[in-house]
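**Student:** Have a peek at work14.pdb (PDB, C-alpha atoms).
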```pdb
ATOM      1  CA  MET A   1     -16.789  -8.915   8.607
ATOM      2  CA  GLY A   2     -16.158  -8.245  12.259
ATOM      3  CA  GLU A   3     -12.831  -9.501  13.621
ATOM      4  CA  LEU A   4     -11.995 -11.277  10.343
ATOM      5  CA  ALA A   5     -11.491  -7.864   8.745
ATOM      6  CA  LYS A   6      -8.126  -7.768  10.559
ATOM      7  CA  ASN A   7      -6.896 -10.829   8.633
ATOM      8  CA  SER A   8      -5.443  -9.958   5.212
ATOM      9  CA  SER A   9      -6.337 -13.417   3.825
ATOM     10  CA  VAL A  10     -10.063 -12.598   3.670
ATOM     11  CA  TYR A  11      -9.425  -9.931   1.015
ATOM     12  CA  GLY A  12      -8.062 -12.472  -1.462
ATOM     13  CA  PRO A  13      -4.569 -12.984  -2.870
ATOM     14  CA  GLN A  14      -5.078 -10.544  -5.746
ATOM     15  CA  THR A  15      -5.326  -7.524  -3.467
ATOM     16  CA  ASN A  16      -1.786  -7.860  -2.071
ATOM     17  CA  ALA A  17      -3.309  -6.518   1.158
ATOM     18  CA  TYR A  18      -1.580  -5.624   4.405
ATOM     19  CA  VAL A  19      -3.682  -4.926   7.486
ATOM     20  CA  LEU A  20      -2.406  -2.147   9.756
ATOM     21  CA  LYS A  21      -3.345  -1.660  13.401
ATOM     22  CA  HIS A  22      -4.849   1.649  14.455
ATOM     23  CA  LEU A  23      -2.196   4.205  15.496
ATOM     24  CA  GLU A  24       0.763   1.880  14.938
ATOM     25  CA  VAL A  25       3.923   3.391  13.495
ATOM     26  CA  VAL A  26       4.519   1.761  10.127
ATOM     27  CA  GLU A  27       7.843   1.620   8.307
ATOM     28  CA  ILE A  28       7.962   0.475   4.707
ATOM     29  CA  VAL A  29      11.134  -0.251   2.755
ATOM     30  CA  ILE A  30      10.830  -0.090  -1.014
ATOM     31  CA  ASN A  31      13.729  -1.743  -2.836
ATOM     32  CA  ASN A  32      14.512  -0.948  -6.446
ATOM     33  CA  PRO A  33      16.909  -3.482  -7.952
ATOM     34  CA  ALA A  34      16.031  -2.269 -11.468
ATOM     35  CA  ILE A  35      17.864   0.014 -13.873
ATOM     36  CA  GLU A  36      15.037   2.582 -13.910
ATOM     37  CA  ASP A  37      13.624   4.895 -11.262
ATOM     38  CA  HIS A  38      10.189   4.264  -9.749
ATOM     39  CA  THR A  39       7.844   6.913  -8.378
ATOM     40  CA  PHE A  40       5.585   5.556  -5.620
ATOM     41  CA  HIS A  41       2.404   7.289  -4.504
ATOM     42  CA  PHE A  42       0.784   6.825  -1.087
ATOM     43  CA  HIS A  43      -2.961   7.354  -0.895
ATOM     44  CA  GLY A  44      -4.358   8.368   2.492
ATOM     45  CA  HIS A  45      -1.073   9.467   4.036
ATOM     46  CA  ASN A  46       1.944  11.656   3.830
ATOM     47  CA  VAL A  47       5.034   9.717   4.856
ATOM     48  CA  GLN A  48       8.358  10.696   6.375
ATOM     49  CA  VAL A  49      11.349   9.765   4.254
ATOM     50  CA  ILE A  50      13.774   8.477   6.889
ATOM     51  CA  GLU A  51      16.441   6.671   4.900
ATOM     52  CA  THR A  52      17.712   6.113   1.365
ATOM     53  CA  GLY A  53      20.689   4.255   0.046
ATOM     54  CA  PRO A  54      22.077   1.621  -2.271
ATOM     55  CA  PHE A  55      20.136  -1.576  -2.849
ATOM     56  CA  GLY A  56      22.432  -4.493  -2.160
ATOM     57  CA  SER A  57      26.158  -4.183  -1.627
ATOM     58  CA  SER A  58      27.391  -3.182  -5.064
ATOM     59  CA  SER A  59      25.375  -0.085  -5.991
ATOM     60  CA  THR A  60      27.409   2.407  -7.978
ATOM     61  CA  ILE A  61      26.763   5.342 -10.297
ATOM     62  CA  ASN A  62      29.543   5.989 -12.818
ATOM     63  CA  GLY A  63      31.773   3.699 -10.781
ATOM     64  CA  GLN A  64      31.217   5.647  -7.557
ATOM     65  CA  PRO A  65      29.392   4.144  -4.549
ATOM     66  CA  VAL A  66      25.891   5.456  -3.950
ATOM     67  CA  PRO A  67      25.792   7.253  -0.570
ATOM     68  CA  HIS A  68      23.637   5.952   2.262
ATOM     69  CA  ILE A  69      21.585   8.827   3.702
ATOM     70  CA  LEU A  70      19.716   8.946   7.010
ATOM     71  CA  SER A  71      17.257  11.760   7.507
ATOM     72  CA  GLY A  72      17.992  14.419  10.074
ATOM     73  CA  PRO A  73      15.827  15.148  13.104
ATOM     74  CA  TRP A  74      13.051  16.572  10.846
ATOM     75  CA  PRO A  75      12.431  14.133   7.986
ATOM     76  CA  MET A  76      10.637  15.514   4.952
ATOM     77  CA  TRP A  77       6.959  14.604   4.449
ATOM     78  CA  ARG A  78       5.696  13.466   1.061
ATOM     79  CA  ASP A  79       2.804  11.526  -0.479
ATOM     80  CA  THR A  80       4.967  10.592  -3.471
ATOM     81  CA  VAL A  81       8.552   9.367  -3.330
ATOM     82  CA  GLN A  82      11.090   8.515  -5.990
ATOM     83  CA  VAL A  83      13.097   5.338  -5.575
ATOM     84  CA  ARG A  84      16.129   5.702  -7.777
ATOM     85  CA  ALA A  85      17.618   2.848  -9.769
ATOM     86  CA  PHE A  86      19.513   0.348  -7.592
ATOM     87  CA  GLU A  87      18.481   2.128  -4.398
ATOM     88  CA  PHE A  88      16.034   1.682  -1.547
ATOM     89  CA  ILE A  89      13.960   4.111   0.453
ATOM     90  CA  ARG A  90      12.550   3.713   3.966
ATOM     91  CA  VAL A  91       9.417   5.670   4.869
ATOM     92  CA  ARG A  92       7.439   6.002   8.087
ATOM     93  CA  PHE A  93       3.908   7.045   8.985
ATOM     94  CA  ARG A  94       1.369   6.613  11.768
ATOM     95  CA  ALA A  95      -1.701   4.537  10.900
ATOM     96  CA  ASP A  96      -4.134   7.231  12.044
ATOM     97  CA  ASN A  97      -6.470   7.357   9.031
ATOM     98  CA  PRO A  98      -8.717   4.255   9.014
ATOM     99  CA  GLY A  99      -9.572   3.182   5.506
ATOM    100  CA  VAL A 100      -8.408   1.219   2.492
ATOM    101  CA  TRP A 101      -5.434   2.921   0.862
ATOM    102  CA  PHE A 102      -3.470   2.178  -2.280
ATOM    103  CA  LEU A 103       0.334   2.375  -2.503
ATOM    104  CA  HIS A 104       1.563   2.045  -6.081
ATOM    105  CA  CYS A 105       4.167   2.868  -8.678
ATOM    106  CA  HIS A 106       3.019   5.761 -10.839
ATOM    107  CA  LEU A 107       3.982   4.021 -14.075
ATOM    108  CA  ALA A 108       0.820   2.182 -15.063
ATOM    109  CA  VAL A 109       2.598  -0.791 -16.642
ATOM    110  CA  HIS A 110       4.583  -1.299 -13.429
ATOM    111  CA  MET A 111       1.466  -1.013 -11.294
ATOM    112  CA  TYR A 112      -0.310  -3.597 -13.466
ATOM    113  CA  ASN A 113       2.690  -5.895 -13.109
ATOM    114  CA  GLY A 114       2.440  -5.844  -9.326
ATOM    115  CA  LEU A 115       4.232  -2.762  -8.011
ATOM    116  CA  ALA A 116       1.254  -1.993  -5.791
ATOM    117  CA  VAL A 117      -0.184  -2.939  -2.422
ATOM    118  CA  VAL A 118      -3.419  -2.270  -0.581
ATOM    119  CA  LEU A 119      -3.057  -0.972   2.971
ATOM    120  CA  ILE A 120      -6.146  -1.858   4.994
ATOM    121  CA  GLU A 121      -5.820   0.459   7.927
ATOM    122  CA  ALA A 122      -7.618  -0.156  11.203
ATOM    123  CA  PRO A 123     -10.548  -2.109   9.718
ATOM    124  CA  ASP A 124     -12.005  -2.588  13.216
ATOM    125  CA  VAL A 125     -12.093   1.185  13.771
ATOM    126  CA  LEU A 126     -13.407   1.748  10.248
ATOM    127  CA  GLN A 127     -16.329  -0.628  10.898
ATOM    128  CA  GLN A 128     -17.222   1.322  14.050
ATOM    129  CA  ARG A 129     -17.012   4.776  12.472
ATOM    130  CA  GLN A 130     -18.320   4.347   8.957
ATOM    131  CA  SER A 131     -21.341   2.821   7.314
ATOM    132  CA  VAL A 132     -22.187   2.437   3.664
ATOM    133  CA  PRO A 133     -25.212   4.523   2.612
ATOM    134  CA  GLU A 134     -28.225   2.374   1.741
ATOM    135  CA  ALA A 135     -28.362   3.908  -1.760
ATOM    136  CA  MET A 136     -24.852   2.550  -2.432
ATOM    137  CA  VAL A 137     -25.783  -0.901  -1.091
ATOM    138  CA  GLU A 138     -28.825  -0.972  -3.402
ATOM    139  CA  MET A 139     -26.737   0.128  -6.397
ATOM    140  CA  CYS A 140     -24.297  -2.746  -5.747
ATOM    141  CA  LYS A 141     -27.134  -5.253  -5.403
ATOM    142  CA  ARG A 142     -28.653  -4.133  -8.736
ATOM    143  CA  GLN A 143     -25.289  -4.807 -10.401
ATOM    144  CA  GLY A 144     -24.812  -8.192  -8.751
ATOM    145  CA  ILE A 145     -21.944  -6.934  -6.575
ATOM    146  CA  HIS A 146     -21.664  -8.567  -3.161
ATOM    147  CA  THR A 147     -22.247  -6.236  -0.235
ATOM    148  CA  GLN A 148     -21.181  -8.601   2.541
ATOM    149  CA  GLY A 149     -18.511 -11.198   3.155
ATOM    150  CA  ASN A 150     -14.882 -11.498   2.106
ATOM    151  CA  GLY A 151     -13.179 -10.506  -1.158
ATOM    152  CA  ALA A 152     -15.283 -13.076  -3.037
ATOM    153  CA  GLY A 153     -18.511 -12.205  -1.215
ATOM    154  CA  ASN A 154     -18.378 -15.449   0.782
ATOM    155  CA  GLN A 155     -17.955 -16.174   4.474
ATOM    156  CA  GLU A 156     -14.631 -16.376   6.290
ATOM    157  CA  PHE A 157     -11.826 -17.808   4.128
ATOM    158  CA  ASP A 158     -13.914 -19.287   1.302
ATOM    159  CA  LEU A 159     -12.558 -17.423  -1.732
ATOM    160  CA  SER A 160     -14.275 -19.608  -4.331
ATOM    161  CA  GLY A 161     -15.741 -17.562  -7.150
ATOM    162  CA  LEU A 162     -13.111 -14.841  -6.833
ATOM    163  CA  PRO A 163     -12.599 -13.283 -10.280
ATOM    164  CA  PRO A 164      -9.318 -14.185 -11.971
ATOM    165  CA  ALA A 165      -6.449 -11.733 -11.768
ATOM    166  CA  VAL A 166      -6.128  -9.287 -14.632
ATOM    167  CA  TYR A 167      -2.726  -9.143 -16.290
ATOM    168  CA  PRO A 168      -1.707  -6.731 -19.035
ATOM    169  CA  PRO A 169      -1.062  -8.226 -22.468
ATOM    170  CA  SER A 170       2.564  -9.244 -22.977
TER     171      SER A 170
END
```
Written as structure tokens, that's how I'd like the structure from this file.
**Tutor:**
Amino acid sequence: MGELAKNSSVYGPQTNAYVLKHLEVVEIVINNPAIEDHTFHFHGHNVQVIETGPFGSSSTINGQPVPHILSGPWPMWRDTVQVRAFEFIRVRFRADNPGVWFLHCHLAVHMYNGLAVVLIEAPDVLQQRQSVPEAMVEMCKRQGIHTQGNGAGNQEFDLSGLPPAVYPPS
């Protein structure tokens, strides 16, 4: 893919992909405006929890305001965080692990409904450091799976032929 690998559009709209630069410091805010808690899992990284607090301006529990909490000088590290109902959480990590990593809610029905993103970290570095074993390439070819190109197996931004999104039954 070359330089195009740094453009999230080539992965297709169904991946909900974000491309991260090598060694950049990334902060992600996860908002939870819902009545239930969500547990989010980060693949490929442990993250620092640097801030939590109420989502919006009217967050209360039993009529009491939800406190806004900043981490101290040594934020805790986790690969899974809980975002409580009507709260947000801010996490931070350094993009120092080139690869394709999944960030998702641990409740499968929520993940299927879109509470997930793909973090494509340092694709330029990944292309330099890693190659796909020929046996894997051959296995993909035997199954009719594209081994080159964008998310649809085409060139550049041509996403024609991309499989339809899969949605859980309602």
**Student:** Evaluated on this file, the PyMOL selection byres ((chain A and resi 76-90) around 8) picks out some residues - which ones are they, written as a PyMOL selection string?
**Tutor:** chain A and resi 27-43+45-56+59+74-75+91-92
**Student:** With the file shown as input, list the residues that the PyMOL selection byres ((chain A and resi 165) around 12) selects, as a short mmCIF file (atom, residue, chain, number, x, y, z; two decimals) with C-alpha atoms, in the frame of the given file.
**Tutor:**
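And here is the file that came out, selection.cif:
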```cif
data_model
loop_
_atom_site.label_atom_id
_atom_site.label_comp_id
_atom_site.auth_asym_id
_atom_site.auth_seq_id
_atom_site.Cartn_x
_atom_site.Cartn_y
_atom_site.Cartn_z
CA GLY A 12 -8.06 -12.47 -1.46
CA PRO A 13 -4.57 -12.98 -2.87
CA GLN A 14 -5.08 -10.54 -5.75
CA THR A 15 -5.33 -7.52 -3.47
CA ASN A 16 -1.79 -7.86 -2.07
CA TYR A 112 -0.31 -3.60 -13.47
CA ASN A 113 2.69 -5.90 -13.11
CA GLY A 114 2.44 -5.84 -9.33
CA GLY A 161 -15.74 -17.56 -7.15
CA LEU A 162 -13.11 -14.84 -6.83
CA PRO A 163 -12.60 -13.28 -10.28
CA PRO A 164 -9.32 -14.18 -11.97
CA VAL A 166 -6.13 -9.29 -14.63
CA TYR A 167 -2.73 -9.14 -16.29
CA PRO A 168 -1.71 -6.73 -19.04
#
```
**Student:** Would you compute, for all listed atoms of stretch 71-80 of chain A, the axis-aligned bounding box grown by 5 Å on each side, and then report its centre and edge lengths in Å rounded to one decimal, as JSON?
**Tutor:**
```
{"center_x": 10.4, "center_y": 13.6, "center_z": 4.8, "size_x": 25.2, "size_y": 16.0, "size_z": 26.6}
```
**Student:** Within 8 Å of A:Leu159, counting only C-alpha atoms, which residues qualify if same-chain residues fewer than 6 places away don't, as a PDB file with C-alpha atoms, in the coordinates of the input?
**Tutor:**
```pdb
ATOM      1  CA  VAL A  10     -10.063 -12.598   3.670  1.00  0.00           C
ATOM      2  CA  GLY A  12      -8.062 -12.472  -1.462  1.00  0.00           C
ATOM      3  CA  ASN A 150     -14.882 -11.498   2.106  1.00  0.00           C
ATOM      4  CA  GLY A 151     -13.179 -10.506  -1.158  1.00  0.00           C
ATOM      5  CA  ALA A 152     -15.283 -13.076  -3.037  1.00  0.00           C
ATOM      6  CA  GLY A 153     -18.511 -12.205  -1.215  1.00  0.00           C
TER       7      GLY A 153
END
```
**Student:** At what distance in Å, to one decimal, does atom CA of A:Cys105 lie from atom CA of A:Phe93?
**Tutor:**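 Those two atoms sit 18.2 Å apart.
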**Student:** Where does stretch 50-169 of chain A meet stretch 19-25 of chain A within 8 Å, residue by residue, with the nearest atom pair and distance in Å to one decimal for each, counting all atoms listed in the file, listed by chain and rising number, as JSON lines?
**Tutor:**
```
{"residue": "A:Arg92", "atom": "CA", "partner": "A:Val25", "partner_atom": "CA", "distance": 7.0}
{"residue": "A:Phe93", "atom": "CA", "partner": "A:Val25", "partner_atom": "CA", "distance": 5.8}
{"residue": "A:Arg94", "atom": "CA", "partner": "A:Val25", "partner_atom": "CA", "distance": 4.5}
{"residue": "A:Ala95", "atom": "CA", "partner": "A:Leu23", "partner_atom": "CA", "distance": 4.6}
{"residue": "A:Asp96", "atom": "CA", "partner": "A:Leu23", "partner_atom": "CA", "distance": 5.0}
{"residue": "A:Pro98", "atom": "CA", "partner": "A:His22", "partner_atom": "CA", "distance": 7.2}
{"residue": "A:Leu119", "atom": "CA", "partner": "A:Val19", "partner_atom": "CA", "distance": 6.0}
{"residue": "A:Ile120", "atom": "CA", "partner": "A:Val19", "partner_atom": "CA", "distance": 4.7}
{"residue": "A:Glu121", "atom": "CA", "partner": "A:Leu20", "partner_atom": "CA", "distance": 4.7}
{"residue": "A:Ala122", "atom": "CA", "partner": "A:His22", "partner_atom": "CA", "distance": 4.6}
{"residue": "A:Pro123", "atom": "CA", "partner": "A:Val19", "partner_atom": "CA", "distance": 7.7}
{"residue": "A:Val125", "atom": "CA", "partner": "A:His22", "partner_atom": "CA", "distance": 7.3}
```
